[in-house]
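Enquirer: Got a structure for you, model_13.cif, holding mmCIF, N, CA and C atoms.
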```cif
data_final
#
loop_
_atom_site.label_atom_id
_atom_site.label_comp_id
_atom_site.auth_asym_id
_atom_site.auth_seq_id
_atom_site.Cartn_x
_atom_site.Cartn_y
_atom_site.Cartn_z
N MET A 45 31.66 132.14 -5.02
CA MET A 45 33.04 131.82 -5.24
C MET A 45 33.13 130.57 -6.12
N TYR A 46 33.94 130.64 -7.17
CA TYR A 46 34.08 129.56 -8.15
C TYR A 46 35.11 128.55 -7.66
N ASP A 47 34.77 127.27 -7.70
CA ASP A 47 35.66 126.21 -7.24
C ASP A 47 36.10 125.35 -8.44
N TYR A 48 37.35 125.52 -8.89
CA TYR A 48 37.86 124.78 -10.05
C TYR A 48 37.90 123.28 -9.79
N ASN A 49 38.21 122.87 -8.58
CA ASN A 49 38.25 121.44 -8.26
C ASN A 49 36.87 120.80 -8.42
N LEU A 50 35.86 121.49 -7.94
CA LEU A 50 34.49 120.99 -8.08
C LEU A 50 34.09 120.97 -9.56
N ARG A 51 34.46 122.01 -10.29
CA ARG A 51 34.16 122.07 -11.73
C ARG A 51 34.87 120.92 -12.46
N ASN A 52 36.14 120.66 -12.18
CA ASN A 52 36.88 119.57 -12.82
C ASN A 52 36.27 118.22 -12.48
N TYR A 53 35.84 118.05 -11.25
CA TYR A 53 35.22 116.80 -10.81
C TYR A 53 33.93 116.55 -11.59
N SER A 54 33.07 117.56 -11.67
CA SER A 54 31.79 117.38 -12.38
C SER A 54 32.02 117.22 -13.89
N THR A 55 32.97 117.96 -14.44
CA THR A 55 33.27 117.86 -15.87
C THR A 55 33.77 116.47 -16.23
N SER A 56 34.63 115.90 -15.42
CA SER A 56 35.14 114.56 -15.72
C SER A 56 34.04 113.52 -15.67
N HIS A 57 33.08 113.67 -14.77
CA HIS A 57 31.97 112.73 -14.71
C HIS A 57 31.03 112.88 -15.91
N VAL A 58 30.75 114.10 -16.30
CA VAL A 58 29.89 114.32 -17.47
C VAL A 58 30.56 113.76 -18.72
N HIS A 59 31.85 114.02 -18.87
CA HIS A 59 32.59 113.49 -20.02
C HIS A 59 32.52 111.96 -20.05
N MET A 60 32.74 111.33 -18.93
CA MET A 60 32.72 109.87 -18.88
C MET A 60 31.33 109.32 -19.21
N MET A 61 30.28 109.96 -18.70
CA MET A 61 28.92 109.51 -18.99
C MET A 61 28.62 109.63 -20.49
N LEU A 62 28.99 110.75 -21.09
CA LEU A 62 28.77 110.93 -22.53
C LEU A 62 29.60 109.95 -23.35
N SER A 63 30.83 109.76 -22.95
CA SER A 63 31.71 108.85 -23.66
C SER A 63 31.20 107.41 -23.62
N MET A 64 30.76 106.98 -22.47
CA MET A 64 30.23 105.61 -22.34
C MET A 64 28.90 105.45 -23.07
N ALA A 65 28.07 106.48 -23.06
CA ALA A 65 26.80 106.43 -23.81
C ALA A 65 27.08 106.29 -25.30
N LEU A 66 28.08 107.02 -25.79
CA LEU A 66 28.46 106.93 -27.20
C LEU A 66 28.98 105.52 -27.51
N LEU A 67 29.83 104.98 -26.66
CA LEU A 67 30.37 103.64 -26.87
C LEU A 67 29.26 102.60 -26.89
N LYS A 68 28.31 102.71 -25.98
CA LYS A 68 27.20 101.75 -25.94
C LYS A 68 26.36 101.82 -27.21
N MET A 69 26.10 103.03 -27.70
CA MET A 69 25.31 103.18 -28.93
C MET A 69 26.05 102.64 -30.14
N LEU A 70 27.36 102.90 -30.23
CA LEU A 70 28.14 102.37 -31.34
C LEU A 70 28.16 100.84 -31.30
N ASP A 71 28.23 100.28 -30.10
CA ASP A 71 28.26 98.83 -29.95
C ASP A 71 26.94 98.20 -30.38
N LYS A 72 25.83 98.92 -30.19
CA LYS A 72 24.52 98.40 -30.58
C LYS A 72 24.21 98.61 -32.06
N ALA A 73 24.92 99.53 -32.70
CA ALA A 73 24.61 99.89 -34.08
C ALA A 73 25.00 98.77 -35.04
N GLU A 74 24.21 98.62 -36.07
CA GLU A 74 24.51 97.62 -37.10
C GLU A 74 25.66 98.08 -37.99
N ALA A 75 25.68 99.36 -38.29
CA ALA A 75 26.73 99.90 -39.15
C ALA A 75 27.03 101.32 -38.70
N MET A 76 28.24 101.75 -39.00
CA MET A 76 28.64 103.12 -38.71
C MET A 76 29.12 103.73 -40.01
N VAL A 77 28.61 104.89 -40.35
CA VAL A 77 29.05 105.61 -41.54
C VAL A 77 29.79 106.85 -41.07
N PHE A 78 31.04 106.94 -41.46
CA PHE A 78 31.86 108.09 -41.10
C PHE A 78 31.96 108.99 -42.32
N VAL A 79 31.51 110.22 -42.21
CA VAL A 79 31.57 111.18 -43.32
C VAL A 79 32.87 111.96 -43.18
N ASN A 80 33.80 111.65 -44.07
CA ASN A 80 35.13 112.24 -44.02
C ASN A 80 35.12 113.56 -44.79
N THR A 81 35.10 114.66 -44.06
CA THR A 81 35.11 115.98 -44.67
C THR A 81 36.39 116.71 -44.27
N PRO A 82 36.74 117.78 -44.96
CA PRO A 82 37.92 118.56 -44.56
C PRO A 82 37.83 119.09 -43.12
N ASN A 83 36.61 119.27 -42.62
CA ASN A 83 36.46 119.75 -41.25
C ASN A 83 36.59 118.64 -40.22
N SER A 84 36.45 117.36 -40.65
CA SER A 84 36.55 116.27 -39.68
C SER A 84 37.95 115.68 -39.63
N ILE A 85 38.57 115.47 -40.79
CA ILE A 85 39.91 114.89 -40.87
C ILE A 85 40.78 115.81 -41.71
N SER A 86 41.98 116.08 -41.22
CA SER A 86 42.89 116.95 -41.96
C SER A 86 44.30 116.37 -41.91
N SER A 87 45.17 116.91 -42.73
CA SER A 87 46.56 116.47 -42.80
C SER A 87 47.42 117.40 -41.98
N VAL A 88 48.32 116.82 -41.18
CA VAL A 88 49.23 117.63 -40.37
C VAL A 88 50.59 117.74 -41.06
N SER A 89 51.04 116.62 -41.62
CA SER A 89 52.34 116.59 -42.29
C SER A 89 52.33 115.46 -43.31
N GLU A 90 53.46 115.28 -43.97
CA GLU A 90 53.56 114.19 -44.95
C GLU A 90 53.53 112.82 -44.27
N THR A 91 53.97 112.75 -43.03
CA THR A 91 53.99 111.46 -42.33
C THR A 91 52.68 111.15 -41.61
N ILE A 92 51.96 112.18 -41.21
CA ILE A 92 50.67 111.99 -40.55
C ILE A 92 49.62 112.68 -41.41
N SER A 93 48.93 111.88 -42.25
CA SER A 93 48.02 112.48 -43.23
C SER A 93 46.57 112.52 -42.78
N GLN A 94 46.24 111.84 -41.69
CA GLN A 94 44.84 111.83 -41.26
C GLN A 94 44.77 112.10 -39.77
N THR A 95 44.37 113.32 -39.42
CA THR A 95 44.22 113.69 -38.01
C THR A 95 42.88 114.40 -37.85
N THR A 96 42.42 114.44 -36.62
CA THR A 96 41.22 115.21 -36.31
C THR A 96 41.50 116.07 -35.09
N LYS A 97 40.88 117.21 -35.06
CA LYS A 97 41.02 118.10 -33.91
C LYS A 97 39.86 117.92 -32.94
N SER A 98 38.91 117.08 -33.31
CA SER A 98 37.74 116.85 -32.47
C SER A 98 37.94 115.63 -31.58
N PRO A 99 37.87 115.80 -30.27
CA PRO A 99 38.00 114.63 -29.39
C PRO A 99 36.83 113.67 -29.57
N TRP A 100 35.66 114.17 -29.99
CA TRP A 100 34.50 113.27 -30.18
C TRP A 100 34.68 112.43 -31.42
N ILE A 101 35.16 113.02 -32.53
CA ILE A 101 35.44 112.23 -33.73
C ILE A 101 36.52 111.21 -33.43
N TYR A 102 37.55 111.64 -32.71
CA TYR A 102 38.63 110.72 -32.33
C TYR A 102 38.07 109.53 -31.56
N SER A 103 37.23 109.79 -30.56
CA SER A 103 36.71 108.68 -29.76
C SER A 103 35.80 107.79 -30.60
N GLU A 104 34.99 108.36 -31.49
CA GLU A 104 34.11 107.56 -32.34
C GLU A 104 34.91 106.65 -33.26
N VAL A 105 35.97 107.19 -33.87
CA VAL A 105 36.78 106.40 -34.79
C VAL A 105 37.51 105.29 -34.04
N VAL A 106 38.08 105.62 -32.88
CA VAL A 106 38.77 104.59 -32.10
C VAL A 106 37.78 103.54 -31.60
N TYR A 107 36.65 103.96 -31.06
CA TYR A 107 35.63 103.02 -30.59
C TYR A 107 35.19 102.08 -31.71
N SER A 108 35.04 102.63 -32.93
CA SER A 108 34.55 101.81 -34.03
C SER A 108 35.51 100.67 -34.35
N SER A 109 36.78 100.81 -34.03
CA SER A 109 37.71 99.72 -34.28
C SER A 109 37.78 98.75 -33.10
N LEU A 110 37.20 99.12 -31.96
CA LEU A 110 37.26 98.28 -30.77
C LEU A 110 35.98 97.51 -30.47
N ILE A 111 34.86 98.00 -30.97
CA ILE A 111 33.57 97.40 -30.61
C ILE A 111 33.38 96.05 -31.29
N ARG A 112 32.47 95.27 -30.71
CA ARG A 112 32.14 93.95 -31.26
C ARG A 112 31.40 94.11 -32.58
N ARG A 113 31.57 93.14 -33.45
CA ARG A 113 30.79 93.09 -34.68
C ARG A 113 29.69 92.07 -34.43
N ASN A 114 28.45 92.57 -34.38
CA ASN A 114 27.31 91.75 -34.01
C ASN A 114 26.42 91.44 -35.19
N ASN A 115 25.64 90.37 -35.04
CA ASN A 115 24.60 90.10 -36.02
C ASN A 115 23.58 91.22 -35.96
N PRO A 116 23.09 91.66 -37.12
CA PRO A 116 22.08 92.73 -37.12
C PRO A 116 20.83 92.30 -36.38
N LYS A 117 20.32 93.19 -35.54
CA LYS A 117 19.09 92.90 -34.80
C LYS A 117 17.88 93.52 -35.50
N ARG A 118 18.08 94.60 -36.18
CA ARG A 118 17.06 95.26 -36.98
C ARG A 118 15.75 95.49 -36.27
N VAL A 119 15.82 96.05 -35.10
CA VAL A 119 14.63 96.42 -34.34
C VAL A 119 14.28 97.85 -34.71
N GLN A 120 13.00 98.09 -34.98
CA GLN A 120 12.56 99.44 -35.33
C GLN A 120 12.65 100.32 -34.08
N ALA A 121 13.37 101.39 -34.19
CA ALA A 121 13.48 102.34 -33.07
C ALA A 121 13.33 103.75 -33.62
N VAL A 122 12.58 104.55 -32.91
CA VAL A 122 12.39 105.94 -33.32
C VAL A 122 12.90 106.82 -32.19
N THR A 123 13.83 107.70 -32.53
CA THR A 123 14.38 108.61 -31.55
C THR A 123 14.30 110.01 -32.12
N GLU A 124 13.81 110.93 -31.32
CA GLU A 124 13.74 112.31 -31.75
C GLU A 124 14.55 113.15 -30.79
N GLY A 125 15.06 114.23 -31.32
CA GLY A 125 15.80 115.17 -30.47
C GLY A 125 17.08 115.59 -31.13
N LYS A 126 17.60 116.69 -30.68
CA LYS A 126 18.85 117.21 -31.21
C LYS A 126 19.74 117.58 -30.05
N MET A 127 21.03 117.35 -30.27
CA MET A 127 22.01 117.77 -29.28
C MET A 127 23.04 118.62 -30.00
N ILE A 128 23.34 119.72 -29.45
CA ILE A 128 24.31 120.61 -30.06
C ILE A 128 25.50 120.72 -29.11
N PHE A 129 26.67 120.45 -29.68
CA PHE A 129 27.88 120.56 -28.89
C PHE A 129 28.72 121.69 -29.48
N ASN A 130 29.08 122.62 -28.65
CA ASN A 130 29.96 123.70 -29.08
C ASN A 130 31.34 123.43 -28.49
N GLU A 131 32.29 123.19 -29.39
CA GLU A 131 33.64 122.91 -28.93
C GLU A 131 34.39 124.23 -28.74
N ALA A 132 35.25 124.24 -27.78
CA ALA A 132 36.06 125.44 -27.54
C ALA A 132 36.96 125.67 -28.75
N ARG A 133 37.06 126.88 -29.20
CA ARG A 133 37.85 127.21 -30.38
C ARG A 133 39.25 127.71 -30.02
N SER A 134 39.49 127.93 -28.75
CA SER A 134 40.77 128.50 -28.36
C SER A 134 41.86 127.44 -28.17
N ILE A 135 41.48 126.18 -28.03
CA ILE A 135 42.46 125.11 -27.82
C ILE A 135 42.62 124.35 -29.14
N ASP A 136 43.86 124.13 -29.57
CA ASP A 136 44.12 123.49 -30.85
C ASP A 136 44.82 122.15 -30.61
N ILE A 137 44.03 121.11 -30.41
CA ILE A 137 44.56 119.77 -30.11
C ILE A 137 44.21 118.86 -31.27
N GLY A 138 45.14 118.02 -31.71
CA GLY A 138 44.89 117.07 -32.79
C GLY A 138 45.11 115.65 -32.33
N TYR A 139 44.27 114.72 -32.81
CA TYR A 139 44.38 113.31 -32.47
C TYR A 139 44.67 112.53 -33.74
N ASP A 140 45.67 111.67 -33.72
CA ASP A 140 46.03 110.86 -34.88
C ASP A 140 45.01 109.73 -35.02
N VAL A 141 44.27 109.71 -36.13
CA VAL A 141 43.25 108.68 -36.37
C VAL A 141 43.58 107.84 -37.60
N GLN A 142 44.74 108.05 -38.19
CA GLN A 142 45.10 107.39 -39.44
C GLN A 142 45.02 105.87 -39.34
N GLU A 143 45.59 105.27 -38.31
CA GLU A 143 45.60 103.81 -38.20
C GLU A 143 44.19 103.23 -38.05
N TYR A 144 43.31 103.98 -37.41
CA TYR A 144 41.94 103.49 -37.22
C TYR A 144 41.13 103.59 -38.51
N LEU A 145 41.34 104.67 -39.27
CA LEU A 145 40.60 104.86 -40.51
C LEU A 145 41.02 103.86 -41.58
N GLU A 146 42.26 103.40 -41.54
CA GLU A 146 42.74 102.44 -42.53
C GLU A 146 42.01 101.10 -42.44
N GLU A 147 41.41 100.79 -41.29
CA GLU A 147 40.70 99.53 -41.10
C GLU A 147 39.32 99.54 -41.74
N HIS A 148 38.79 100.70 -42.09
CA HIS A 148 37.42 100.82 -42.56
C HIS A 148 37.30 100.66 -44.07
N ILE A 149 36.16 100.24 -44.50
CA ILE A 149 35.84 100.14 -45.91
C ILE A 149 35.58 101.55 -46.44
N LYS A 150 36.17 101.90 -47.57
CA LYS A 150 35.96 103.21 -48.17
C LYS A 150 34.67 103.18 -49.00
N LEU A 151 33.83 104.18 -48.82
CA LEU A 151 32.54 104.27 -49.50
C LEU A 151 32.52 105.57 -50.30
N GLY A 152 32.43 105.46 -51.62
CA GLY A 152 32.41 106.64 -52.48
C GLY A 152 31.03 106.90 -53.07
N ASP A 153 30.94 107.98 -53.85
CA ASP A 153 29.67 108.35 -54.46
C ASP A 153 29.14 107.24 -55.36
N SER A 154 30.03 106.57 -56.10
CA SER A 154 29.58 105.48 -56.99
C SER A 154 28.98 104.34 -56.17
N ASN A 155 29.52 104.09 -54.98
CA ASN A 155 28.95 103.05 -54.11
C ASN A 155 27.56 103.44 -53.64
N LEU A 156 27.36 104.72 -53.31
CA LEU A 156 26.04 105.19 -52.87
C LEU A 156 25.04 105.08 -54.01
N ASP A 157 25.45 105.45 -55.23
CA ASP A 157 24.57 105.34 -56.38
C ASP A 157 24.20 103.88 -56.65
N PHE A 158 25.19 103.00 -56.62
CA PHE A 158 24.94 101.58 -56.86
C PHE A 158 24.03 101.00 -55.77
N TRP A 159 24.26 101.42 -54.53
CA TRP A 159 23.44 100.96 -53.40
C TRP A 159 21.98 101.32 -53.63
N ALA A 160 21.73 102.58 -53.98
CA ALA A 160 20.36 103.03 -54.22
C ALA A 160 19.73 102.30 -55.39
N LYS A 161 20.48 102.14 -56.50
CA LYS A 161 19.95 101.46 -57.69
C LYS A 161 19.62 100.00 -57.37
N THR A 162 20.50 99.32 -56.67
CA THR A 162 20.28 97.92 -56.31
C THR A 162 19.03 97.77 -55.45
N TYR A 163 18.90 98.64 -54.47
CA TYR A 163 17.74 98.55 -53.57
C TYR A 163 16.45 98.83 -54.33
N ILE A 164 16.47 99.82 -55.20
CA ILE A 164 15.27 100.16 -55.99
C ILE A 164 14.92 99.00 -56.91
N ASP A 165 15.94 98.32 -57.48
CA ASP A 165 15.68 97.15 -58.33
C ASP A 165 14.95 96.07 -57.55
N PHE A 166 15.38 95.81 -56.34
CA PHE A 166 14.71 94.80 -55.50
C PHE A 166 13.27 95.21 -55.22
N LEU A 167 13.07 96.48 -54.88
CA LEU A 167 11.72 96.96 -54.60
C LEU A 167 10.81 96.87 -55.82
N SER A 168 11.35 97.20 -57.00
CA SER A 168 10.53 97.15 -58.22
C SER A 168 10.12 95.71 -58.55
N ARG A 169 10.93 94.73 -58.14
CA ARG A 169 10.57 93.31 -58.36
C ARG A 169 9.76 92.76 -57.19
N ARG A 170 9.41 93.66 -56.25
CA ARG A 170 8.64 93.29 -55.05
C ARG A 170 9.35 92.19 -54.24
N GLU A 171 10.67 92.27 -54.23
CA GLU A 171 11.48 91.36 -53.41
C GLU A 171 11.97 92.17 -52.21
N TYR A 172 11.84 91.58 -51.02
CA TYR A 172 12.29 92.29 -49.83
C TYR A 172 13.75 91.97 -49.56
N ILE A 173 14.51 93.01 -49.36
CA ILE A 173 15.88 92.90 -48.89
C ILE A 173 16.12 94.12 -48.01
N HIS A 174 16.82 93.92 -46.94
CA HIS A 174 17.11 95.07 -46.07
C HIS A 174 18.09 95.98 -46.80
N PRO A 175 17.88 97.30 -46.74
CA PRO A 175 18.76 98.24 -47.45
C PRO A 175 20.24 98.07 -47.11
N LEU A 176 20.55 97.77 -45.86
CA LEU A 176 21.97 97.59 -45.51
C LEU A 176 22.56 96.33 -46.14
N ASP A 177 21.72 95.30 -46.38
CA ASP A 177 22.23 94.11 -47.04
C ASP A 177 22.67 94.42 -48.48
N CYS A 178 21.96 95.35 -49.13
CA CYS A 178 22.39 95.80 -50.48
C CYS A 178 23.74 96.48 -50.40
N LEU A 179 23.94 97.28 -49.38
CA LEU A 179 25.22 97.95 -49.20
C LEU A 179 26.32 96.94 -48.91
N TYR A 180 26.07 96.02 -47.99
CA TYR A 180 27.08 95.02 -47.62
C TYR A 180 27.51 94.17 -48.81
N ALA A 181 26.57 93.86 -49.71
CA ALA A 181 26.87 92.99 -50.84
C ALA A 181 27.95 93.60 -51.74
N GLN A 182 28.02 94.91 -51.83
CA GLN A 182 29.05 95.56 -52.65
C GLN A 182 30.46 95.26 -52.15
N PHE A 183 30.57 95.01 -50.88
CA PHE A 183 31.88 94.84 -50.27
C PHE A 183 32.12 93.42 -49.78
N ASN A 184 31.26 92.49 -50.19
CA ASN A 184 31.37 91.09 -49.77
C ASN A 184 31.41 90.96 -48.26
N VAL A 185 30.60 91.79 -47.60
CA VAL A 185 30.46 91.72 -46.15
C VAL A 185 29.18 90.96 -45.89
N GLY A 186 29.27 89.86 -45.15
CA GLY A 186 28.09 89.05 -44.88
C GLY A 186 27.07 89.79 -44.05
N THR A 187 25.81 89.44 -44.22
CA THR A 187 24.76 90.09 -43.45
C THR A 187 24.75 89.59 -42.02
N ASN A 188 25.55 88.58 -41.72
CA ASN A 188 25.60 88.10 -40.34
C ASN A 188 26.60 88.88 -39.51
N MET A 189 27.25 89.86 -40.10
CA MET A 189 28.22 90.68 -39.36
C MET A 189 27.98 92.14 -39.70
N SER A 190 27.98 92.99 -38.69
CA SER A 190 27.91 94.42 -38.96
C SER A 190 29.30 94.90 -39.36
N THR A 191 29.38 96.09 -39.89
CA THR A 191 30.66 96.59 -40.36
C THR A 191 30.74 98.09 -40.17
N THR A 192 31.91 98.63 -40.29
CA THR A 192 32.10 100.06 -40.24
C THR A 192 32.50 100.53 -41.62
N ILE A 193 31.77 101.51 -42.12
CA ILE A 193 32.00 102.00 -43.47
C ILE A 193 32.33 103.48 -43.37
N MET A 194 33.35 103.91 -44.11
CA MET A 194 33.78 105.30 -44.06
C MET A 194 33.49 105.95 -45.40
N ARG A 195 32.88 107.11 -45.35
CA ARG A 195 32.64 107.89 -46.56
C ARG A 195 33.45 109.16 -46.49
#
```
Would you mind writing the file out in structure tokens?

Expert:
Amino acid sequence: MYDYNLRNYSTSHVHMMLSMALLKMLDKAEAMVFVNTPNSISSVSETISQTTKSPWIYSEVVYSSLIRRNNPKRVQAVTEGKMIFNEARSIDIGYDVQEYLEEHIKLGDSNLDFWAKTYIDFLSRREYIHPLDCLYAQFNVGTNMSTTIMR
């Protein structure tokens, strides 16, 4: 016999554990890169031009505006594994993320090209610079503060 109350109880706990794990990882990250694609952010109307139908993208974007900006720790960490999340396709819910995305630095293809060229120039001169410091320099973001960058 299926118990919806028990299912709702366990689902809410799993959601909270995943949500808090995501928040903790974003808080530890030096930088966050948001890849803005038509599947991640879409327009609902002329007044609301940036929405997402994904509750996970919504939480990531909102968390990115709430988390602390920390000095980079730059500890080498290796993590392997894949997680696949299949979202239900029958429910059509949208979350307004426009105000949160406006706070982020916009990163375009020319910025990525310049970032790569700058880093390669440093390497060719045998000068060490952290790759993210090359990125931050384009936007006058100090290396003593992490930042959120949206692509």

Enquirer: Which of these, A:Ser109, A:Arg170, A:Leu179, A:Ile101, has the shortest distance to A:Glu147 once you count only N, CA and C atoms?

Expert: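 Checking each candidate against A:Glu147, we get A:Ser109 as the closest.
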
Enquirer: Please measure the separation of atom CA of A:Asp153 and atom CA of A:Asn115, giving the value in Å to one decimal.

Expert: 26.4 Å

Enquirer: Go ahead and compute the interatomic distance for atom CA of A:Ile92 and atom C of A:Asp140, in Å to one decimal.

Expert: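 Spanning atom CA of A:Ile92 to atom C of A:Asp140 is a straight-line distance of 8.2 Å.
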
Enquirer: Pick out each residue of stretch 48-184 of chain A that DSSP on the backbone tags as strand (DSSP E or B); I need them as a ChimeraX atom specification.

Expert: /A:75-78,86,95-96,139-140,149-150

Enquirer: Take atom CA of A:Ser54 and atom CA of A:Asp71 and report the distance between them in Å, one decimal.

Expert: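 Atom-to-atom, atom CA of A:Ser54 and atom CA of A:Asp71 are spaced 25.8 Å apart.
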
Enquirer: Measuring between only N, CA and C atoms, which one of A:Tyr46, A:Val105, A:Trp100, A:His57 shows the shortest distance to A:Leu145?

Expert: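 Among A:Tyr46, A:Val105, A:Trp100, A:His57, it is A:Val105 that comes nearest to A:Leu145.
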